[in-house]
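*Asks:* target04.csv is the file, holding CSV, C-alpha atoms:
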chain,number,residue,atom,x,y,z
A,477,MET,CA,-2.4,-20.6,-28.7
A,478,ASP,CA,-6.0,-20.4,-30.0
A,479,ASN,CA,-9.0,-22.4,-28.9
A,480,ALA,CA,-8.2,-25.3,-31.2
A,481,LEU,CA,-4.8,-25.6,-29.6
A,482,LYS,CA,-5.8,-25.2,-26.0
A,483,LYS,CA,-3.8,-27.5,-23.7
A,484,TYR,CA,-5.1,-29.2,-20.6
A,485,LEU,CA,-2.8,-30.5,-17.8
A,486,SER,CA,-3.7,-32.0,-14.4
A,487,ALA,CA,-2.3,-33.9,-11.4
A,488,GLU,CA,-3.8,-36.0,-8.7
A,489,LEU,CA,-2.7,-34.7,-5.3
A,490,ALA,CA,-3.4,-36.2,-1.8
A,491,ARG,CA,-6.4,-33.9,-1.2
A,492,GLY,CA,-7.7,-33.4,-4.7
A,493,THR,CA,-7.1,-32.8,-8.4
A,494,ILE,CA,-5.5,-29.7,-9.8
A,495,SER,CA,-6.2,-29.1,-13.5
A,496,VAL,CA,-5.4,-26.2,-15.8
A,497,GLU,CA,-6.7,-25.0,-19.2
A,498,ILE,CA,-4.0,-23.0,-21.1
A,499,ASP,CA,-5.2,-20.4,-23.6
A,500,ARG,CA,-1.9,-18.8,-24.5
A,501,SER,CA,1.8,-19.6,-24.0
A,502,LEU,CA,5.0,-18.1,-25.4
A,503,MET,CA,6.9,-21.2,-24.2
A,504,PRO,CA,6.0,-24.9,-23.9
A,505,PRO,CA,3.9,-25.1,-20.8
A,506,ASP,CA,5.7,-28.3,-19.7
A,507,ALA,CA,8.9,-26.3,-19.7
A,508,MET,CA,7.5,-23.6,-17.5
A,509,PHE,CA,6.0,-25.4,-14.5
A,510,GLY,CA,5.0,-28.7,-12.9
A,511,PHE,CA,2.5,-29.5,-10.2
A,512,ALA,CA,3.4,-29.9,-6.6
A,513,GLU,CA,1.7,-30.2,-3.2
A,514,ARG,CA,1.9,-27.4,-0.6
A,515,ILE,CA,2.3,-28.2,3.1
A,516,ASN,CA,-0.4,-25.6,3.8
A,517,PRO,CA,-4.0,-26.0,5.0
A,518,LYS,CA,-5.1,-22.9,3.0
A,519,ARG,CA,-4.2,-24.1,-0.4
A,520,SER,CA,-3.1,-27.7,-1.3
A,521,PHE,CA,-1.6,-27.2,-4.7
A,522,LEU,CA,1.4,-25.3,-6.2
A,523,PHE,CA,2.6,-24.5,-9.7
A,524,ALA,CA,6.3,-25.3,-9.3
A,525,SER,CA,8.1,-23.0,-11.7
A,526,LYS,CA,10.9,-24.3,-13.8
A,527,LEU,CA,12.0,-20.8,-14.7
A,528,LEU,CA,12.2,-18.9,-11.4
A,529,GLY,CA,15.3,-20.6,-9.9
A,530,ARG,CA,13.3,-21.5,-6.8
A,531,HIS,CA,12.1,-25.0,-7.1
A,532,SER,CA,14.7,-26.3,-9.5
A,533,PRO,CA,18.1,-25.1,-10.8
A,534,VAL,CA,17.8,-23.0,-14.0
A,535,ARG,CA,20.3,-21.6,-16.5
A,536,PRO,CA,20.7,-17.8,-15.9
A,537,SER,CA,20.3,-17.2,-19.6
A,538,LEU,CA,16.8,-18.9,-19.5
A,539,MET,CA,15.8,-16.7,-16.6
A,540,ARG,CA,17.0,-13.6,-18.5
A,541,LYS,CA,14.9,-14.7,-21.5
A,542,THR,CA,11.8,-14.6,-19.3
A,543,TYR,CA,12.6,-11.1,-18.1
A,544,LYS,CA,12.8,-10.0,-21.7
A,545,LEU,CA,9.6,-11.8,-22.8
A,546,LEU,CA,7.8,-9.9,-20.0
A,547,ALA,CA,9.4,-6.5,-20.5
A,548,ASP,CA,8.7,-6.7,-24.2
A,549,GLN,CA,4.9,-6.8,-23.3
A,550,ILE,CA,5.1,-3.5,-21.3
A,551,SER,CA,4.7,-0.4,-23.4
A,552,PRO,CA,7.9,1.7,-23.7
A,553,ASP,CA,5.7,4.8,-23.7
A,554,LEU,CA,4.1,4.4,-20.3
A,555,GLU,CA,3.7,7.6,-18.4
A,556,GLY,CA,6.3,8.1,-15.8
A,557,PRO,CA,7.5,8.1,-13.1
A,558,ILE,CA,7.0,4.3,-12.9
A,559,LEU,CA,7.0,2.3,-9.6
A,560,PHE,CA,7.8,-1.4,-10.0
A,561,ILE,CA,7.0,-3.7,-7.0
A,562,GLY,CA,8.0,-7.3,-6.8
A,563,MET,CA,6.4,-9.8,-4.4
A,564,ALA,CA,8.4,-11.5,-1.7
A,565,GLU,CA,9.7,-14.0,-1.6
A,566,THR,CA,9.1,-15.8,-4.8
A,567,ALA,CA,9.1,-12.8,-7.2
A,568,VAL,CA,11.9,-10.7,-5.7
A,569,GLY,CA,14.3,-11.7,-8.4
A,570,LEU,CA,11.7,-11.8,-11.1
A,571,GLY,CA,10.6,-8.3,-10.3
A,572,ALA,CA,14.1,-7.0,-10.3
A,573,GLY,CA,14.8,-8.7,-13.7
A,574,VAL,CA,11.7,-7.3,-15.3
A,575,HIS,CA,12.5,-3.8,-14.0
A,576,GLN,CA,16.2,-3.9,-15.1
A,577,GLN,CA,15.2,-5.3,-18.6
A,578,TYR,CA,12.5,-2.7,-19.1
A,579,SER,CA,14.5,0.3,-17.8
A,580,GLU,CA,17.6,-0.5,-19.7
A,581,GLN,CA,16.2,-1.6,-23.1
A,582,TYR,CA,14.0,1.6,-23.2
A,583,ASP,CA,16.5,3.8,-21.5
A,584,ARG,CA,14.0,4.9,-18.8
A,585,ASP,CA,15.6,6.8,-15.9
A,586,ASP,CA,12.3,7.6,-14.2
A,587,THR,CA,11.7,4.2,-12.7
A,588,VAL,CA,12.3,2.6,-9.3
A,589,TYR,CA,12.1,-1.0,-8.1
A,590,ILE,CA,11.1,-2.0,-4.6
A,591,CYS,CA,10.5,-5.6,-3.4
A,592,THR,CA,8.1,-6.4,-0.6
A,593,THR,CA,9.7,-8.2,2.3
A,594,ARG,CA,9.0,-10.3,5.4
A,595,HIS,CA,11.9,-8.6,7.2
A,596,ALA,CA,11.2,-5.6,9.4
A,597,LEU,CA,14.1,-3.2,8.9
A,598,GLY,CA,13.1,-0.7,11.5
A,599,LEU,CA,12.6,1.9,8.8
A,600,PRO,CA,9.5,3.8,7.6
A,601,LEU,CA,6.9,1.8,5.7
A,602,ILE,CA,4.9,2.8,2.6
A,603,CYS,CA,2.4,0.1,3.6
A,604,GLU,CA,1.9,-3.5,4.7
A,605,PHE,CA,-0.6,-6.1,3.4
A,606,GLN,CA,-1.6,-9.7,3.6
A,607,GLU,CA,-1.3,-12.7,1.2
A,608,GLU,CA,-3.9,-14.9,2.7
A,609,HIS,CA,-3.0,-18.2,1.0
A,610,SER,CA,0.7,-18.0,1.7
A,611,HIS,CA,2.8,-19.8,4.2
A,612,ALA,CA,3.9,-16.4,5.4
A,613,THR,CA,1.1,-13.9,5.0
A,614,GLY,CA,2.5,-10.5,6.0
A,615,HIS,CA,4.3,-8.3,3.5
A,616,LEU,CA,6.1,-5.0,4.3
A,617,VAL,CA,6.9,-2.3,1.7
A,618,HIS,CA,9.6,0.2,2.8
A,619,TRP,CA,10.2,3.7,1.7
A,620,PRO,CA,13.5,4.2,-0.2
A,621,LEU,CA,16.2,6.1,1.7
A,622,VAL,CA,17.4,8.0,-1.4
A,623,PRO,CA,15.4,11.3,-1.8
A,624,GLY,CA,15.3,10.9,-5.6
A,625,LEU,CA,13.7,7.5,-5.4
A,626,VAL,CA,11.2,8.7,-2.7
A,627,SER,CA,10.1,11.3,-5.3
A,628,ILE,CA,9.5,8.7,-7.9
A,629,VAL,CA,7.4,6.7,-5.5
A,630,LYS,CA,5.3,9.7,-4.4
A,631,ASN,CA,4.8,10.9,-7.9
A,632,ALA,CA,4.4,7.6,-9.8
A,633,ARG,CA,1.9,7.7,-12.7
A,634,THR,CA,2.3,4.1,-13.6
A,635,LEU,CA,2.4,1.1,-11.2
A,636,VAL,CA,3.9,-2.2,-12.3
A,637,LEU,CA,3.2,-5.2,-10.0
A,638,ILE,CA,5.2,-8.4,-10.4
A,639,ASP,CA,4.5,-11.9,-9.0
A,640,ASP,CA,5.4,-15.3,-10.2
A,641,GLU,CA,1.8,-16.3,-10.8
A,642,ALA,CA,-1.7,-14.9,-10.4
A,643,SER,CA,-4.5,-17.2,-9.4
A,644,THR,CA,-7.3,-15.2,-7.8
A,645,GLY,CA,-5.7,-11.8,-8.1
A,646,LYS,CA,-6.2,-11.1,-4.4
A,647,THR,CA,-2.5,-10.5,-3.6
A,648,PHE,CA,-2.3,-7.8,-6.3
A,649,GLY,CA,-5.6,-6.4,-5.1
A,650,ASN,CA,-4.5,-6.4,-1.4
A,651,LEU,CA,-1.2,-4.5,-2.3
A,652,PHE,CA,-3.0,-2.0,-4.4
A,653,ALA,CA,-5.5,-1.3,-1.7
A,654,ALA,CA,-2.8,-0.9,1.0
A,655,LEU,CA,-0.9,1.8,-0.9
A,656,PRO,CA,-1.4,5.3,0.5
A,657,ALA,CA,-4.3,7.2,-1.1
A,658,SER,CA,-1.8,9.9,-2.1
A,659,ILE,CA,0.1,7.4,-4.3
A,660,ARG,CA,-3.0,5.7,-5.7
A,661,SER,CA,-4.6,9.0,-6.7
A,662,ASN,CA,-1.6,9.9,-8.9
A,663,LEU,CA,-1.7,6.6,-10.9
A,664,ARG,CA,-2.9,6.6,-14.5
A,665,ASN,CA,-1.9,3.0,-15.4
A,666,THR,CA,-1.3,-0.3,-13.7
A,667,VAL,CA,0.5,-3.3,-15.3
A,668,LEU,CA,0.2,-6.8,-13.7
A,669,VAL,CA,3.2,-9.0,-14.6
A,670,THR,CA,3.4,-12.7,-14.0
A,671,LEU,CA,5.1,-15.7,-15.5
A,672,THR,CA,1.8,-17.6,-15.4
A,673,ASP,CA,-1.6,-15.9,-15.1
A,674,TRP,CA,-4.5,-18.2,-14.0
A,675,SER,CA,-6.7,-15.4,-12.8
A,676,ASP,CA,-8.9,-15.3,-15.9
A,677,GLY,CA,-9.4,-11.6,-15.6
A,678,ALA,CA,-10.0,-11.5,-11.9
A,679,ALA,CA,-6.8,-9.7,-11.1
A,680,GLU,CA,-7.8,-6.6,-13.1
A,681,GLN,CA,-11.2,-6.5,-11.3
A,682,MET,CA,-9.3,-6.4,-8.0
A,683,ILE,CA,-7.7,-3.0,-8.9
A,684,ALA,CA,-9.2,-0.4,-11.1
A,685,ALA,CA,-9.5,0.9,-14.7
A,686,ASN,CA,-6.5,1.1,-17.0
A,687,VAL,CA,-5.0,-2.2,-16.0
A,688,ASN,CA,-2.9,-4.2,-18.5
A,689,ARG,CA,-1.3,-7.6,-18.1
A,690,ALA,CA,1.9,-9.1,-19.2
A,691,SER,CA,2.5,-12.9,-18.9
A,692,ILE,CA,4.2,-15.7,-20.6
A,693,LEU,CA,1.3,-18.1,-20.1
A,694,SER,CA,-2.3,-17.5,-19.4
A,695,GLY,CA,-5.3,-19.7,-18.7
A,696,ARG,CA,-7.4,-20.8,-15.8
A,697,TYR,CA,-7.1,-23.5,-13.1
A,698,ARG,CA,-9.6,-25.7,-11.3
A,699,TRP,CA,-9.2,-27.4,-7.9
A,700,ASP,CA,-11.5,-30.4,-7.1
A,701,ALA,CA,-11.2,-31.7,-3.6
A,702,ASN,CA,-11.5,-35.5,-3.5
A,703,GLY,CA,-13.5,-35.6,-0.3
A,704,LEU,CA,-11.2,-38.1,1.4
A,705,ASN,CA,-10.8,-37.9,5.1
A,706,ILE,CA,-7.3,-36.6,5.0
A,707,ASP,CA,-6.2,-34.1,7.6
A,708,ALA,CA,-5.0,-30.7,6.2
A,709,PRO,CA,-1.2,-30.4,6.7
A,710,GLU,CA,0.1,-27.9,9.1
A,711,VAL,CA,2.8,-25.3,8.1
A,712,PRO,CA,6.0,-26.5,9.7
A,713,SER,CA,7.3,-24.4,12.6
A,714,VAL,CA,10.6,-24.3,14.4
A,715,GLU,CA,10.3,-25.4,18.0
A,716,THR,CA,13.6,-24.1,19.2
A,717,LYS,CA,15.3,-20.8,18.3
A,718,ARG,CA,19.0,-20.5,18.0
A,719,GLY,CA,19.1,-16.8,18.9
A,720,LYS,CA,17.8,-13.3,18.2
A,721,VAL,CA,16.3,-12.3,14.9
A,722,ILE,CA,18.9,-11.0,12.4
A,723,SER,CA,17.8,-8.2,10.2
A,724,PRO,CA,19.3,-7.5,6.8
A,725,ASP,CA,21.9,-4.8,6.6
A,726,LYS,CA,20.3,-1.7,5.1
A,727,ASP,CA,23.7,-0.4,4.0
A,728,ILE,CA,24.1,-3.3,1.5
A,729,ASP,CA,20.5,-3.3,0.4
A,730,TRP,CA,19.7,-4.2,-3.2
A,731,ALA,CA,15.9,-3.6,-3.5
A,732,ARG,CA,14.0,-3.6,-0.2
A,733,LEU,CA,14.8,0.1,0.0
A,734,GLY,CA,14.5,0.9,-3.7
A,735,VAL,CA,16.8,0.8,-6.6
A,736,SER,CA,16.9,2.5,-10.0
A,737,ARG,CA,20.0,1.0,-11.6
A,738,HIS,CA,21.2,-2.5,-10.9
A,739,ARG,CA,24.8,-3.4,-10.4
A,740,LEU,CA,26.5,-6.6,-9.2
A,741,GLN,CA,27.7,-6.4,-5.6
A,742,LEU,CA,29.1,-9.9,-5.2
A,743,ASP,CA,32.3,-11.5,-6.2
A,744,GLY,CA,32.8,-15.3,-6.8
A,745,GLU,CA,34.5,-17.7,-9.1
A,746,ALA,CA,33.1,-20.5,-11.1
A,747,ALA,CA,34.7,-23.9,-11.4
A,748,SER,CA,37.5,-24.0,-13.9
A,749,SER,CA,36.0,-27.2,-15.3
A,750,GLY,CA,32.6,-28.8,-14.7
A,751,ALA,CA,29.3,-27.4,-13.5
A,752,THR,CA,28.8,-24.6,-11.0
A,753,LEU,CA,25.7,-24.0,-8.9
A,754,VAL,CA,25.0,-20.5,-7.5
A,755,LEU,CA,22.4,-20.5,-4.7
A,756,GLY,CA,20.5,-17.6,-3.3
A,757,THR,CA,18.9,-17.6,0.2
A,758,GLY,CA,15.4,-16.5,1.0
A,759,GLU,CA,14.8,-13.0,-0.4
A,760,ASN,CA,18.5,-12.6,-1.1
A,761,VAL,CA,18.2,-13.8,-4.7
A,762,TRP,CA,18.8,-10.9,-7.1
A,763,GLN,CA,22.5,-10.3,-6.5
A,764,PRO,CA,23.2,-14.1,-6.6
A,765,PHE,CA,21.4,-14.3,-9.9
A,766,LEU,CA,23.5,-11.4,-11.3
A,767,LEU,CA,26.6,-13.3,-10.2
A,768,ALA,CA,25.4,-16.5,-11.8
A,769,GLU,CA,24.6,-14.6,-15.0
A,770,LYS,CA,28.1,-13.0,-15.1
A,771,LEU,CA,29.8,-16.3,-14.7
A,772,GLU,CA,27.7,-17.9,-17.4
A,773,THR,CA,28.4,-14.9,-19.7
A,774,GLU,CA,32.1,-15.5,-19.1
A,775,GLY,CA,31.7,-19.1,-20.4
A,776,ALA,CA,31.1,-21.1,-17.3
A,777,ASP,CA,28.7,-24.0,-17.0
A,778,VAL,CA,26.3,-22.5,-14.5
A,779,HIS,CA,22.9,-23.2,-13.0
A,780,TYR,CA,21.1,-21.0,-10.5
A,781,SER,CA,18.6,-21.8,-7.7
A,782,SER,CA,17.8,-20.6,-4.2
A,783,VAL,CA,16.8,-21.6,-0.7
A,784,THR,CA,13.1,-20.9,0.0
A,785,ARG,CA,10.7,-20.7,3.0
A,786,SER,CA,7.9,-22.3,1.0
A,787,PRO,CA,7.0,-25.7,2.4
A,788,ILE,CA,6.3,-28.3,-0.3
A,789,SER,CA,5.9,-32.1,-0.2
A,790,VAL,CA,8.1,-34.4,-2.2
A,791,GLY,CA,6.3,-35.7,-5.2
A,792,HIS,CA,5.4,-34.7,-8.8
A,793,ALA,CA,7.7,-31.8,-9.7
A,794,ILE,CA,9.6,-32.0,-6.4
A,795,VAL,CA,11.9,-35.0,-6.4
A,796,LYS,CA,14.5,-33.9,-3.7
A,797,LYS,CA,14.2,-31.9,-0.6
A,798,ILE,CA,16.0,-30.9,2.6
A,799,ALA,CA,14.8,-28.8,5.5
A,800,PHE,CA,16.9,-26.7,7.9
A,801,GLU,CA,16.7,-23.6,10.1
A,802,ASP,CA,17.0,-20.3,8.4
A,803,ASN,CA,20.1,-18.0,8.6
A,804,TYR,CA,18.2,-15.0,10.2
A,805,GLY,CA,18.1,-16.5,13.7
A,806,GLY,CA,16.6,-19.9,13.2
A,807,HIS,CA,13.0,-18.9,13.6
A,808,VAL,CA,11.7,-20.2,10.2
A,809,PHE,CA,12.3,-23.4,8.4
A,810,ASN,CA,14.0,-23.2,5.0
A,811,TYR,CA,14.0,-25.7,2.2
A,812,LEU,CA,16.1,-26.6,-0.8
A,813,TYR,CA,14.5,-28.5,-3.6
A,814,ASN,CA,15.7,-30.6,-6.5
A,815,VAL,CA,19.4,-30.0,-5.9
A,816,ALA,CA,21.9,-32.9,-6.1
A,817,PRO,CA,25.3,-31.5,-4.9
A,818,SER,CA,27.2,-34.4,-6.6
A,819,GLU,CA,26.2,-32.9,-10.0
A,820,TYR,CA,28.3,-29.8,-9.4
A,821,VAL,CA,32.1,-29.3,-9.1
A,822,LYS,CA,31.6,-26.0,-7.3
A,823,ILE,CA,28.7,-24.5,-5.3
A,824,LEU,CA,28.5,-20.8,-4.4
A,825,LEU,CA,26.1,-20.2,-1.5
A,826,CYS,CA,25.2,-16.5,-1.3
A,827,SER,CA,24.1,-15.2,2.1
A,828,GLU,CA,23.3,-11.8,3.5
A,829,THR,CA,24.3,-13.0,7.0
A,830,ASN,CA,27.6,-14.2,8.4
A,831,GLU,CA,28.7,-17.8,7.6
A,832,ALA,CA,28.2,-18.7,11.2
A,833,GLU,CA,24.5,-18.1,10.9
A,834,ILE,CA,24.1,-20.6,8.1
A,835,SER,CA,22.5,-24.0,9.1
A,836,PRO,CA,25.1,-26.7,9.6
A,837,ILE,CA,22.6,-29.1,8.1
A,838,LEU,CA,22.6,-27.1,4.8
A,839,MET,CA,26.4,-26.8,4.8
A,840,HIS,CA,26.8,-30.5,5.4
A,841,PHE,CA,24.4,-31.3,2.6
A,842,LEU,CA,26.2,-29.1,0.1
A,843,GLU,CA,29.5,-30.7,1.1
A,844,ARG,CA,31.9,-28.2,-0.5
A,845,ALA,CA,30.0,-25.0,-0.8
A,846,THR,CA,31.8,-21.7,-0.8
A,847,VAL,CA,29.9,-19.0,1.1
A,848,VAL,CA,29.7,-15.6,-0.7
A,849,ILE,CA,28.7,-12.6,1.4
A,850,PRO,CA,28.3,-9.0,0.1
A,851,GLN,CA,31.1,-6.6,1.1
Output the file's structure in the form of C-alpha cells.
*Replies:*
Amino acid sequence: MDNALKKYLSAELARGTISVEIDRSLMPPDAMFGFAERINPKRSFLFASKLLGRHSPVRPSLMRKTYKLLADQISPDLEGPILFIGMAETAVGLGAGVHQQYSEQYDRDDTVYICTTRHALGLPLICEFQEEHSHATGHLVHWPLVPGLVSIVKNARTLVLIDDEASTGKTFGNLFAALPASIRSNLRNTVLVTLTDWSDGAAEQMIAANVNRASILSGRYRWDANGLNIDAPEVPSVETKRGKVISPDKDIDWARLGVSRHRLQLDGEAASSGATLVLGTGENVWQPFLLAEKLETEGADVHYSSVTRSPISVGHAIVKKIAFEDNYGGHVFNYLYNVAPSEYVKILLCSETNEAEISPILMHFLERATVVIPQ
C-alpha cells in the first residue's frame, strides 16, 4: 500500500477521536480490526481484532492464515537458538501460532516458545515486567522445567517478541529491559511480531540494534481528546471473592513453562450438523484453538473465540457483552464479546479449572455448553 493508496479510518468515542493512517496492509484493514472503547482510565481506545479470536468469533483457518503471513516475514536463517515470547493475555495464542508455523515450516528444532502470564505458578521466574496501559499491568515470565528448553533460553541468539499490536512500543521495551543481562548479552537479533503495528518505528528504538519487524498491517494512530467533562472510567473490580486463588496445573502446561513442539491435548466433538463454537478462557487459548482447528480440518462448521479479562464498552466493534466472575477463584471479572449462543448447535467451553469453578452466569448464558478440560 503506497502513499497514493493510504487509508484513513477513525471513530468518535466518548472521550475523544481515534484515527489511524495505514501505510501497508496484507489484508483489508476493515477485515482486521474495528474500534472500541476501553473501560480503562489509562487509555480510552482499543483496536478490536477480527483475527485473534478474542473480541469476535473467527474461523480457525483464518487465524492460521495470520500465523503463516507473519512467520513468512521472519527469516528462516535466523541465528539460533531462538526464544519466542508471546504476551499475555491477548497474544498467548498468536505467539504460539507464529512459533509453531515458523518452527515447522523451516524445520527448526532450536526454538522455544514461552508466554508471559498473570498467574504466579510458584516456580522460578526469568523476569517480570509492567504493561502500563493495560487493565492488568503485571507480567511474569517463568523458566522452563525441561533442561533442554532452559538451555535454549540461556543461549538464545535471536529473540522473537509477539503481541497483537504495537502502539508506543513500551511493552516490548519493558520486556526486553527486564530480561536478565546474561540473556540480553547473547542476543544478536530481535524480531517484533504484531498483527497491527502502529508504533511508527518507536518499538525498535525501545530495544536495540538489529531489530526487524513482522506485521500484517502497519501505520500510525492519533488520539484527540474531545475536552468534554466526562469522568474517566474505572477498571471494574470484583467486590466479593468466591474462594482461594486457583493456580494453573504445571503438569498440563502448554506454554507458560516453555514448549518446543506443539501437540493437541484436548478432546472434543463438533456438532454433527450445524455450527460449533469453541471457546477458550483467559490465557488458556492455544489448546482450544488447536481443537477448533482440528474439528474444522475434519469438515465441521467451526468458529473460535475466547473469554477475556479485558474490559470494553458496548459500541462500535463490540455489539454484545456479558460479564462474570473468573474461573480462577472469582477475583477478576471476565467478559465474552460478540457471541450469540443461539447461532451455534454446539458450544465447547475449554477450561483449565474444574467445571465447578466456572461462573454459573457464563454457563447459563451459553445454555448448552459442553465443558472440555485437559486430562
*Asks:* Do you have, as a tab-separated table, the list of residues of segment 790-830 of chain A lying at most 9 Å from segment 718-742 of chain A, each with its nearest atom pair and that distance in Å to one decimal, counting only C-alpha atoms and ordered by chain then number?
*Replies:*
residue	atom	partner	partner_atom	distance
A:Glu801	CA	A:Arg718	CA	8.8
A:Asn803	CA	A:Ile722	CA	8.1
A:Tyr804	CA	A:Ile722	CA	4.6
A:Gly805	CA	A:Val721	CA	4.7
A:Gly806	CA	A:Arg718	CA	5.4
A:His807	CA	A:Val721	CA	7.5
A:Cys826	CA	A:Leu742	CA	8.6
A:Glu828	CA	A:Pro724	CA	6.7
A:Thr829	CA	A:Pro724	CA	7.4
*Asks:* So which one's closest to Arg633 of chain A, A:Ala768, A:Leu663, A:Ala845, A:Ala657? Using all atoms listed in the file, please.
*Replies:*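 Once distances to Arg633 of chain A are computed over all atoms listed in the file, the minimum belongs to A:Leu663.
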*Asks:* For segment 500-516 of chain A, please output as a list in words all residues within 7 Å (counting all atoms listed in the file; exclusion window: fewer than 5 positions along the same chain).
*Replies:* Met477, Ala487, Leu489, Phe521, Leu522, Phe523, Ala524, Ser525, Lys526, Leu527, His611, Ile692, Leu693, Ser694, Gly695, Pro709, Glu710, Val711, Pro787, Ile788, Ser789, Gly791, His792, Ala793 and Ile794 of chain A
*Asks:* Nearest to Ser818 of chain A among A:Thr647, A:Thr672, A:Thr587, A:Thr752, with distances taken over all atoms listed in the file: which residue is it?
*Replies:*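 Ranking A:Thr647, A:Thr672, A:Thr587, A:Thr752 by distance to Ser818 of chain A, first place goes to A:Thr752.
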*Asks:* In Å to one decimal, how far is atom CA of Ser786 of chain A from atom CA of Ser520 of chain A?
*Replies:* 12.5 Å
